[in-house]
>>> print(open('entry20.cif').read())   # mmCIF, C-alpha atoms
data_input
loop_
_atom_site.group_PDB
_atom_site.id
_atom_site.type_symbol
_atom_site.label_atom_id
_atom_site.label_comp_id
_atom_site.auth_asym_id
_atom_site.auth_seq_id
_atom_site.Cartn_x
_atom_site.Cartn_y
_atom_site.Cartn_z
ATOM 1 C CA MET I 21 100.283 73.021 29.054
ATOM 2 C CA SER I 22 102.239 75.385 26.881
ATOM 3 C CA ARG I 23 104.801 77.812 28.277
ATOM 4 C CA THR I 24 102.531 80.755 27.416
ATOM 5 C CA ALA I 25 99.558 79.159 29.220
ATOM 6 C CA GLN I 26 101.726 78.539 32.319
ATOM 7 C CA ILE I 27 102.791 82.179 32.416
ATOM 8 C CA ILE I 28 99.181 83.335 32.048
ATOM 9 C CA TRP I 29 98.069 80.922 34.820
ATOM 10 C CA GLN I 30 100.847 82.011 37.180
ATOM 11 C CA ALA I 31 100.086 85.662 36.516
ATOM 12 C CA ALA I 32 96.422 85.021 37.257
ATOM 13 C CA GLY I 33 97.400 83.259 40.499
ATOM 14 C CA VAL I 34 99.564 86.162 41.596
ATOM 15 C CA SER I 35 96.759 88.536 40.763
ATOM 16 C CA ILE I 36 94.299 86.532 42.878
ATOM 17 C CA VAL I 37 96.698 86.412 45.856
ATOM 18 C CA ALA I 38 97.386 90.127 45.568
ATOM 19 C CA SER I 39 93.670 90.837 45.431
ATOM 20 C CA LEU I 40 93.074 88.740 48.546
ATOM 21 C CA LEU I 41 95.857 90.538 50.394
ATOM 22 C CA ILE I 42 94.486 93.933 49.414
ATOM 23 C CA ALA I 43 91.004 92.862 50.497
ATOM 24 C CA ALA I 44 92.348 91.651 53.846
ATOM 25 C CA VAL I 45 94.130 94.939 54.435
ATOM 26 C CA VAL I 46 91.034 96.900 53.517
ATOM 27 C CA TRP I 47 88.867 94.688 55.778
ATOM 28 C CA ALA I 48 91.287 95.069 58.693
ATOM 29 C CA GLY I 49 91.402 98.792 58.206
ATOM 30 C CA GLN I 50 87.621 98.946 58.223
ATOM 31 C CA THR I 51 86.966 96.657 61.213
ATOM 32 C CA GLU I 52 89.867 97.297 63.642
ATOM 33 C CA PRO I 53 88.644 100.730 64.713
ATOM 34 C CA ASN I 54 85.306 99.088 65.551
ATOM 35 C CA LEU I 55 86.868 96.533 67.912
ATOM 36 C CA ARG I 56 86.106 97.436 71.499
ATOM 37 C CA CYS I 57 87.305 96.296 74.899
ATOM 38 C CA SER I 58 84.987 93.579 76.178
ATOM 39 C CA SER I 59 86.019 93.672 79.861
ATOM 40 C CA ILE I 60 88.763 94.437 82.345
ATOM 41 C CA VAL I 61 90.040 91.594 84.512
ATOM 42 C CA TYR I 62 92.150 92.053 87.644
ATOM 43 C CA ILE I 63 94.399 89.204 88.695
ATOM 44 C CA TYR I 64 95.597 89.488 92.291
ATOM 45 C CA GLU I 65 98.800 87.478 92.525
ATOM 46 C CA ASP I 66 98.369 87.338 96.329
ATOM 47 C CA GLY I 67 94.572 87.462 96.333
ATOM 48 C CA ASN I 68 94.227 84.185 98.214
ATOM 49 C CA LYS I 69 95.765 85.892 101.251
ATOM 50 C CA ARG I 70 94.641 89.500 101.169
ATOM 51 C CA MET I 71 92.748 92.096 99.168
ATOM 52 C CA TYR I 72 93.483 95.654 100.205
ATOM 53 C CA VAL I 73 92.123 97.264 97.034
ATOM 54 C CA SER I 74 88.822 96.085 95.566
ATOM 55 C CA GLU I 75 88.070 95.806 91.857
ATOM 56 C CA ASN I 76 85.353 98.439 92.263
ATOM 57 C CA GLU I 77 87.877 100.862 93.741
ATOM 58 C CA LEU I 78 90.272 100.296 90.850
ATOM 59 C CA ASN I 79 87.444 100.801 88.348
ATOM 60 C CA ARG I 80 86.499 104.072 90.021
ATOM 61 C CA LEU I 81 90.137 105.158 89.965
ATOM 62 C CA LEU I 82 90.467 104.477 86.223
ATOM 63 C CA THR I 83 87.147 106.183 85.525
ATOM 64 C CA SER I 84 88.267 109.301 87.394
ATOM 65 C CA GLN I 85 91.324 109.444 85.139
ATOM 66 C CA HIS I 86 89.283 108.743 81.981
ATOM 67 C CA LEU I 87 91.135 105.448 81.529
ATOM 68 C CA TYR I 88 88.398 102.884 82.183
ATOM 69 C CA PRO I 89 88.631 100.753 79.015
ATOM 70 C CA VAL I 90 85.407 98.736 78.781
ATOM 71 C CA GLU I 91 83.440 99.470 75.568
ATOM 72 C CA LYS I 92 86.141 101.828 74.349
ATOM 73 C CA PRO I 93 87.775 101.254 70.920
ATOM 74 C CA LEU I 94 90.978 99.287 71.338
ATOM 75 C CA SER I 95 92.890 101.960 69.448
ATOM 76 C CA SER I 96 91.987 104.566 72.105
ATOM 77 C CA ILE I 97 92.999 102.529 75.167
ATOM 78 C CA SER I 98 96.230 103.474 76.961
ATOM 79 C CA LEU I 99 97.601 100.292 78.511
ATOM 80 C CA GLN I 100 100.569 102.225 79.870
ATOM 81 C CA GLY I 101 98.259 104.790 81.418
ATOM 82 C CA ILE I 102 96.167 102.088 83.111
ATOM 83 C CA GLU I 103 99.281 100.343 84.385
ATOM 84 C CA ARG I 104 100.862 103.538 85.680
ATOM 85 C CA THR I 105 97.670 104.747 87.387
ATOM 86 C CA ILE I 106 97.070 101.457 89.205
ATOM 87 C CA GLN I 107 100.704 101.119 90.210
ATOM 88 C CA ASN I 108 100.575 104.609 91.745
ATOM 89 C CA HIS I 109 97.860 103.491 94.167
ATOM 90 C CA PRO I 110 99.415 103.517 97.668
ATOM 91 C CA MET I 111 98.447 99.892 98.331
ATOM 92 C CA ILE I 112 99.787 98.480 95.045
ATOM 93 C CA ARG I 113 103.355 97.235 94.668
ATOM 94 C CA THR I 114 103.373 96.261 90.977
ATOM 95 C CA ALA I 115 100.918 96.273 88.076
ATOM 96 C CA GLU I 116 101.261 94.711 84.623
ATOM 97 C CA CYS I 117 98.627 95.556 81.993
ATOM 98 C CA TYR I 118 98.088 93.803 78.650
ATOM 99 C CA LEU I 119 95.434 93.078 76.015
ATOM 100 C CA THR I 120 94.228 89.511 75.320
ATOM 101 C CA PRO I 121 93.054 88.022 71.975
ATOM 102 C CA ARG I 122 89.514 88.177 73.389
ATOM 103 C CA ASN I 123 89.794 91.978 73.588
ATOM 104 C CA GLU I 124 90.036 91.923 77.376
ATOM 105 C CA VAL I 125 92.306 94.228 79.314
ATOM 106 C CA LYS I 126 94.022 92.184 82.008
ATOM 107 C CA VAL I 127 95.924 93.680 84.937
ATOM 108 C CA ARG I 128 98.204 91.524 87.084
ATOM 109 C CA ILE I 129 98.606 93.057 90.528
ATOM 110 C CA THR I 130 100.823 92.488 93.541
ATOM 111 C CA GLN I 131 99.931 94.383 96.684
ATOM 112 C CA ARG I 132 102.207 95.835 99.322
ATOM 113 C CA VAL I 133 102.668 93.700 102.416
ATOM 114 C CA PRO I 134 102.919 95.305 105.877
ATOM 115 C CA LEU I 135 105.808 94.317 108.116
ATOM 116 C CA LEU I 136 105.097 96.443 111.185
ATOM 117 C CA ARG I 137 102.632 99.079 112.351
ATOM 118 C CA VAL I 138 103.823 102.364 113.835
ATOM 119 C CA GLN I 139 101.177 103.671 116.186
ATOM 120 C CA GLN I 140 101.393 107.188 117.555
ATOM 121 C CA ALA I 141 98.860 109.665 118.925
ATOM 122 C CA SER I 142 99.103 111.920 115.877
ATOM 123 C CA ASN I 143 99.965 109.430 113.162
ATOM 124 C CA THR I 144 99.623 105.741 112.359
ATOM 125 C CA TYR I 145 101.216 103.990 109.405
ATOM 126 C CA PHE I 146 102.797 100.729 108.286
ATOM 127 C CA ILE I 147 106.293 99.912 107.142
ATOM 128 C CA ASP I 148 106.049 97.342 104.357
ATOM 129 C CA ARG I 149 108.449 94.519 103.511
ATOM 130 C CA ASP I 150 110.272 96.798 101.093
ATOM 131 C CA ARG I 151 110.919 99.098 104.107
ATOM 132 C CA LEU I 152 108.683 101.848 102.693
ATOM 133 C CA VAL I 153 105.957 103.792 104.472
ATOM 134 C CA MET I 154 102.516 102.356 103.748
ATOM 135 C CA PRO I 155 99.250 104.065 104.756
ATOM 136 C CA ALA I 156 97.175 102.475 107.524
ATOM 137 C CA PHE I 157 94.083 101.813 105.430
ATOM 138 C CA SER I 158 91.139 100.142 107.173
ATOM 139 C CA THR I 159 91.321 97.264 104.668
ATOM 140 C CA VAL I 160 94.645 96.116 106.147
ATOM 141 C CA LYS I 161 93.773 93.553 108.812
ATOM 142 C CA ASP I 162 97.148 91.798 109.009
ATOM 143 C CA SER I 163 98.457 90.979 112.450
ATOM 144 C CA VAL I 164 101.909 92.550 112.577
ATOM 145 C CA LEU I 165 104.311 93.887 115.184
ATOM 146 C CA VAL I 166 103.076 97.158 116.713
ATOM 147 C CA VAL I 167 105.650 99.856 117.474
ATOM 148 C CA SER I 168 104.961 102.935 119.591
ATOM 149 C CA GLY I 169 106.804 105.576 121.596
ATOM 150 C CA SER I 170 109.654 107.779 120.366
ATOM 151 C CA VAL I 171 109.995 106.139 116.972
ATOM 152 C CA ASN I 172 110.470 107.987 113.684
ATOM 153 C CA GLU I 173 110.276 106.700 110.118
ATOM 154 C CA SER I 174 114.038 106.295 109.860
ATOM 155 C CA LEU I 175 114.303 104.065 112.927
ATOM 156 C CA ALA I 176 111.119 102.161 112.057
ATOM 157 C CA SER I 177 112.234 101.379 108.491
ATOM 158 C CA THR I 178 115.756 100.258 109.435
ATOM 159 C CA GLN I 179 116.594 98.730 112.824
ATOM 160 C CA ILE I 180 113.029 98.060 113.955
ATOM 161 C CA ALA I 181 112.134 96.663 110.522
ATOM 162 C CA ASP I 182 115.162 94.341 110.684
ATOM 163 C CA PHE I 183 113.949 93.142 114.077
ATOM 164 C CA ALA I 184 110.369 92.656 112.803
ATOM 165 C CA GLU I 185 111.633 90.683 109.786
ATOM 166 C CA TRP I 186 113.695 88.453 112.062
ATOM 167 C CA LEU I 187 110.689 87.889 114.351
ATOM 168 C CA ARG I 188 108.525 86.979 111.368
ATOM 169 C CA GLY I 189 110.950 84.223 110.396
ATOM 170 C CA ASN I 190 111.527 82.906 113.916
ATOM 171 C CA SER I 191 109.138 80.069 114.781
ATOM 172 C CA TYR I 192 109.541 80.599 118.555
ATOM 173 C CA TRP I 193 109.413 84.375 118.953
ATOM 174 C CA ARG I 194 107.018 85.431 116.188
ATOM 175 C CA GLY I 195 104.035 84.279 118.237
ATOM 176 C CA GLN I 196 105.274 85.749 121.496
ATOM 177 C CA VAL I 197 106.349 89.355 120.912
ATOM 178 C CA LYS I 198 103.272 91.537 120.517
ATOM 179 C CA SER I 199 104.661 95.063 120.503
ATOM 180 C CA VAL I 200 107.711 97.273 120.858
ATOM 181 C CA TYR I 201 107.902 100.493 122.828
ATOM 182 C CA VAL I 202 110.743 102.903 122.050
ATOM 183 C CA GLY I 203 111.645 104.992 125.100
ATOM 184 C CA THR I 204 114.706 106.451 123.428
ATOM 185 C CA PRO I 205 116.869 104.981 120.672
ATOM 186 C CA HIS I 206 118.837 103.278 123.437
ATOM 187 C CA MET I 207 115.891 101.959 125.456
ATOM 188 C CA ILE I 208 113.717 99.418 123.705
ATOM 189 C CA TYR I 209 110.984 97.528 125.567
ATOM 190 C CA LEU I 210 109.149 94.420 124.384
ATOM 191 C CA TYR I 211 105.651 93.329 125.369
ATOM 192 C CA LEU I 212 104.607 89.698 125.049
ATOM 193 C CA HIS I 213 101.278 88.118 124.174
ATOM 194 C CA GLY I 214 99.192 86.752 126.997
ATOM 195 C CA PRO I 215 98.046 88.008 130.400
ATOM 196 C CA ASN I 216 100.428 88.958 133.221
ATOM 197 C CA GLN I 217 103.514 88.794 131.042
ATOM 198 C CA PRO I 218 106.593 90.731 132.252
ATOM 199 C CA ARG I 219 107.850 93.702 130.303
ATOM 200 C CA ILE I 220 111.128 92.875 128.566
ATOM 201 C CA VAL I 221 113.883 95.497 128.779
ATOM 202 C CA LEU I 222 115.930 95.012 125.633
ATOM 203 C CA GLY I 223 117.964 98.209 125.978
ATOM 204 C CA GLU I 224 119.743 98.963 122.709
ATOM 205 C CA ILE I 225 118.298 96.980 119.853
ATOM 206 C CA HIS I 226 121.747 95.792 118.798
ATOM 207 C CA GLY I 227 122.367 92.184 119.788
ATOM 208 C CA TYR I 228 118.681 91.309 120.074
ATOM 209 C CA LYS I 229 119.254 87.749 118.823
ATOM 210 C CA GLN I 230 121.665 86.968 121.649
ATOM 211 C CA LYS I 231 119.482 88.743 124.214
ATOM 212 C CA LEU I 232 116.366 86.842 123.238
ATOM 213 C CA ALA I 233 118.278 83.543 123.144
ATOM 214 C CA LYS I 234 119.307 84.282 126.734
ATOM 215 C CA LEU I 235 115.706 85.056 127.644
ATOM 216 C CA ARG I 236 114.438 81.857 126.060
ATOM 217 C CA THR I 237 116.914 79.828 128.102
ATOM 218 C CA PHE I 238 115.726 81.626 131.220
ATOM 219 C CA LEU I 239 112.077 81.000 130.418
ATOM 220 C CA ASP I 240 112.588 77.359 129.472
ATOM 221 C CA LYS I 241 115.051 76.265 132.168
ATOM 222 C CA GLY I 242 114.606 78.865 134.864
ATOM 223 C CA SER I 243 110.834 78.749 135.077
ATOM 224 C CA GLU I 244 110.746 75.915 137.602
ATOM 225 C CA ALA I 245 113.179 77.627 139.953
ATOM 226 C CA THR I 246 111.207 80.869 139.788
ATOM 227 C CA ALA I 247 107.715 79.391 139.606
ATOM 228 C CA ASP I 248 106.710 81.015 142.885
ATOM 229 C CA LYS I 249 107.874 84.450 141.719
ATOM 230 C CA HIS I 250 106.117 86.832 139.402
ATOM 231 C CA TYR I 251 108.315 89.381 137.740
ATOM 232 C CA SER I 252 106.833 92.516 136.246
ATOM 233 C CA GLU I 253 110.029 93.141 134.301
ATOM 234 C CA LEU I 254 112.917 91.114 132.893
ATOM 235 C CA ASP I 255 116.048 93.067 132.035
ATOM 236 C CA LEU I 256 118.307 91.701 129.267
ATOM 237 C CA ARG I 257 120.815 94.532 129.070
ATOM 238 C CA PHE I 258 123.589 92.835 131.041
ATOM 239 C CA LYS I 259 125.832 90.214 129.505
ATOM 240 C CA GLY I 260 125.050 86.681 130.643
ATOM 241 C CA GLN I 261 122.262 87.820 132.975
ATOM 242 C CA VAL I 262 118.499 88.106 133.096
ATOM 243 C CA ILE I 263 117.530 90.399 135.943
ATOM 244 C CA GLY I 264 113.986 90.021 137.234
ATOM 245 C CA ARG I 265 112.144 92.862 138.959
ATOM 246 C CA ASN I 266 108.869 92.688 140.819
#
>>> encode(input="entry20.cif", output="structure tokens")
Amino acid sequence: MSRTAQIIWQAAGVSIVASLLIAAVVWAGQTEPNLRCSSIVYIYEDGNKRMYVSENELNRLLTSQHLYPVEKPLSSISLQGIERTIQNHPMIRTAECYLTPRNEVKVRITQRVPLLRVQQASNTYFIDRDRLVMPAFSTVKDSVLVVSGSVNESLASTQIADFAEWLRGNSYWRGQVKSVYVGTPHMIYLYLHGPNQPRIVLGEIHGYKQKLAKLRTFLDKGSEATADKHYSELDLRFKGQVIGRN
């Protein structure tokens, strides 16, 4: 092939490639606006344990904010808006929203997890594991430590939450302590699971690990010596002593 023929052939090849590229751009520009969201999929990272917010509720929430994406053109969908709206739900901890190659909107969700329940005559709420106030929705069925009495959000989310977290990780006590009653910040009472259990006077919450270790020793080793006695109250406030009261 002559040099001139090669140049003509190469030029023709470049022209064909350029034409294909232009056609592809034109085709993409014509079809992309017509691509629509096929579905929205919620992935609950902790869904095998709990579901506080249903998919229907999330769909209604997005619809109320004009963000529900199904059948909308992809170019008009606000992934950030969907993510922000879902994450602002009081039962949602995190939300991550993205678009898949199948034109699905997927939302990965983690829900808030209650640590303790504050129960008062005028108000009931949870403190979650991030130590934040969480509403007492009817969908939350978790069995957690119940706290009542003269307790405010500050005390519940700090010292009482520390105590609840410790109970949750303690294989012996987590199944025994049912509730906490706060008489004053310096008078904490514990109530145990089971019938005819004595009230436990903890006193100040400081030093609860040592106090409950003392109580466990009393219950494990002292039960035989006191088998014929029924105490209505066991007082742990005094160093080295468990004082029983009828």
>>> residues_around(input="entry20.cif", residues="Asn123 (chain I)", least_positions_apart="5", cutoff="7 Å", atoms="all atoms listed in the file", output="compact mmCIF listing (two decimals) with C-alpha atoms, keeping the file's coordinate frame")
# COMPACT_ATOMS: atom_id res chain seq x y z
CA ARG I 56 86.11 97.44 71.50
CA CYS I 57 87.30 96.30 74.90
CA SER I 58 84.99 93.58 76.18
>>> residues_around(input="entry20.cif", residues="Lys234 (chain I)", least_positions_apart="4", cutoff="10 Å", atoms="all atoms listed in the file", output="list in words")
Tyr228, Lys229, Gln230, Phe238, Leu239, Leu256, Lys259, Gly260, Gln261 and Val262 of chain I
>>> resolve_selection(input="entry20.cif", expression="the PyMOL selection byres ((chain I and resi 82) around 12)", output="list in words")
Ile60, Glu75, Asn76, Glu77, Leu78, Asn79, Arg80, Leu81, Thr83, Ser84, Gln85, His86, Leu87, Tyr88, Pro89, Val90, Ile97, Ser98, Leu99, Gly101, Ile102, Glu103, Arg104, Thr105, Ile106, Gln107, Asn108 and His109 of chain I
>>> residues_around(input="entry20.cif", residues="Tyr211 (chain I)", least_positions_apart="4", cutoff="12 Å", atoms="only C-alpha atoms", output="list in words")
Leu165, Val166, Val167, Ser168, Trp193, Gly195, Gln196, Val197, Lys198, Ser199, Val200, Tyr201, Val202, Pro215, Asn216, Gln217, Pro218, Arg219, Ile220, Val221, Leu222, Ser252, Glu253 and Leu254 of chain I
>>> write_last_selection(input="entry20.cif", atoms="C-alpha atoms", output="mmCIF file, keeping the file's coordinate frame")
data_model
loop_
_atom_site.group_PDB
_atom_site.id
_atom_site.type_symbol
_atom_site.label_atom_id
_atom_site.label_comp_id
_atom_site.auth_asym_id
_atom_site.auth_seq_id
_atom_site.Cartn_x
_atom_site.Cartn_y
_atom_site.Cartn_z
ATOM 1 C CA LEU I 165 104.311 93.887 115.184
ATOM 2 C CA VAL I 166 103.076 97.158 116.713
ATOM 3 C CA VAL I 167 105.650 99.856 117.474
ATOM 4 C CA SER I 168 104.961 102.935 119.591
ATOM 5 C CA TRP I 193 109.413 84.375 118.953
ATOM 6 C CA GLY I 195 104.035 84.279 118.237
ATOM 7 C CA GLN I 196 105.274 85.749 121.496
ATOM 8 C CA VAL I 197 106.349 89.355 120.912
ATOM 9 C CA LYS I 198 103.272 91.537 120.517
ATOM 10 C CA SER I 199 104.661 95.063 120.503
ATOM 11 C CA VAL I 200 107.711 97.273 120.858
ATOM 12 C CA TYR I 201 107.902 100.493 122.828
ATOM 13 C CA VAL I 202 110.743 102.903 122.050
ATOM 14 C CA PRO I 215 98.046 88.008 130.400
ATOM 15 C CA ASN I 216 100.428 88.958 133.221
ATOM 16 C CA GLN I 217 103.514 88.794 131.042
ATOM 17 C CA PRO I 218 106.593 90.731 132.252
ATOM 18 C CA ARG I 219 107.850 93.702 130.303
ATOM 19 C CA ILE I 220 111.128 92.875 128.566
ATOM 20 C CA VAL I 221 113.883 95.497 128.779
ATOM 21 C CA LEU I 222 115.930 95.012 125.633
ATOM 22 C CA SER I 252 106.833 92.516 136.246
ATOM 23 C CA GLU I 253 110.029 93.141 134.301
ATOM 24 C CA LEU I 254 112.917 91.114 132.893
#
>>> axis_aligned_box(input="entry20.cif", around="region 60-76 of chain I", padding_each_side="3 Å", output="JSON")
{"center_x": 92.1, "center_y": 91.3, "center_z": 91.8, "size_x": 19.4, "size_y": 20.3, "size_z": 24.9}
>>> closest_residue(input="entry20.cif", among="I:His226, I:Lys161, I:Arg149, I:Lys92", to="Arg188 (chain I)", atoms="all atoms listed in the file")
I:Arg149
>>> residues_around(input="entry20.cif", residues="region 62-72 of chain I", least_positions_apart="4", cutoff="6 Å", atoms="all atoms listed in the file", output="ChimeraX atom specification")
/I:126-130,159
>>> closest_residue(input="entry20.cif", among="I:Ser174, I:Thr204, I:Ser163, I:Asn54", to="Ser95 (chain I)", atoms="all atoms listed in the file")
I:Asn54
>>> closest_residue(input="entry20.cif", among="I:Leu152, I:Val160, I:Ala233, I:Leu136", to="Asn190 (chain I)", atoms="all atoms listed in the file")
I:Ala233
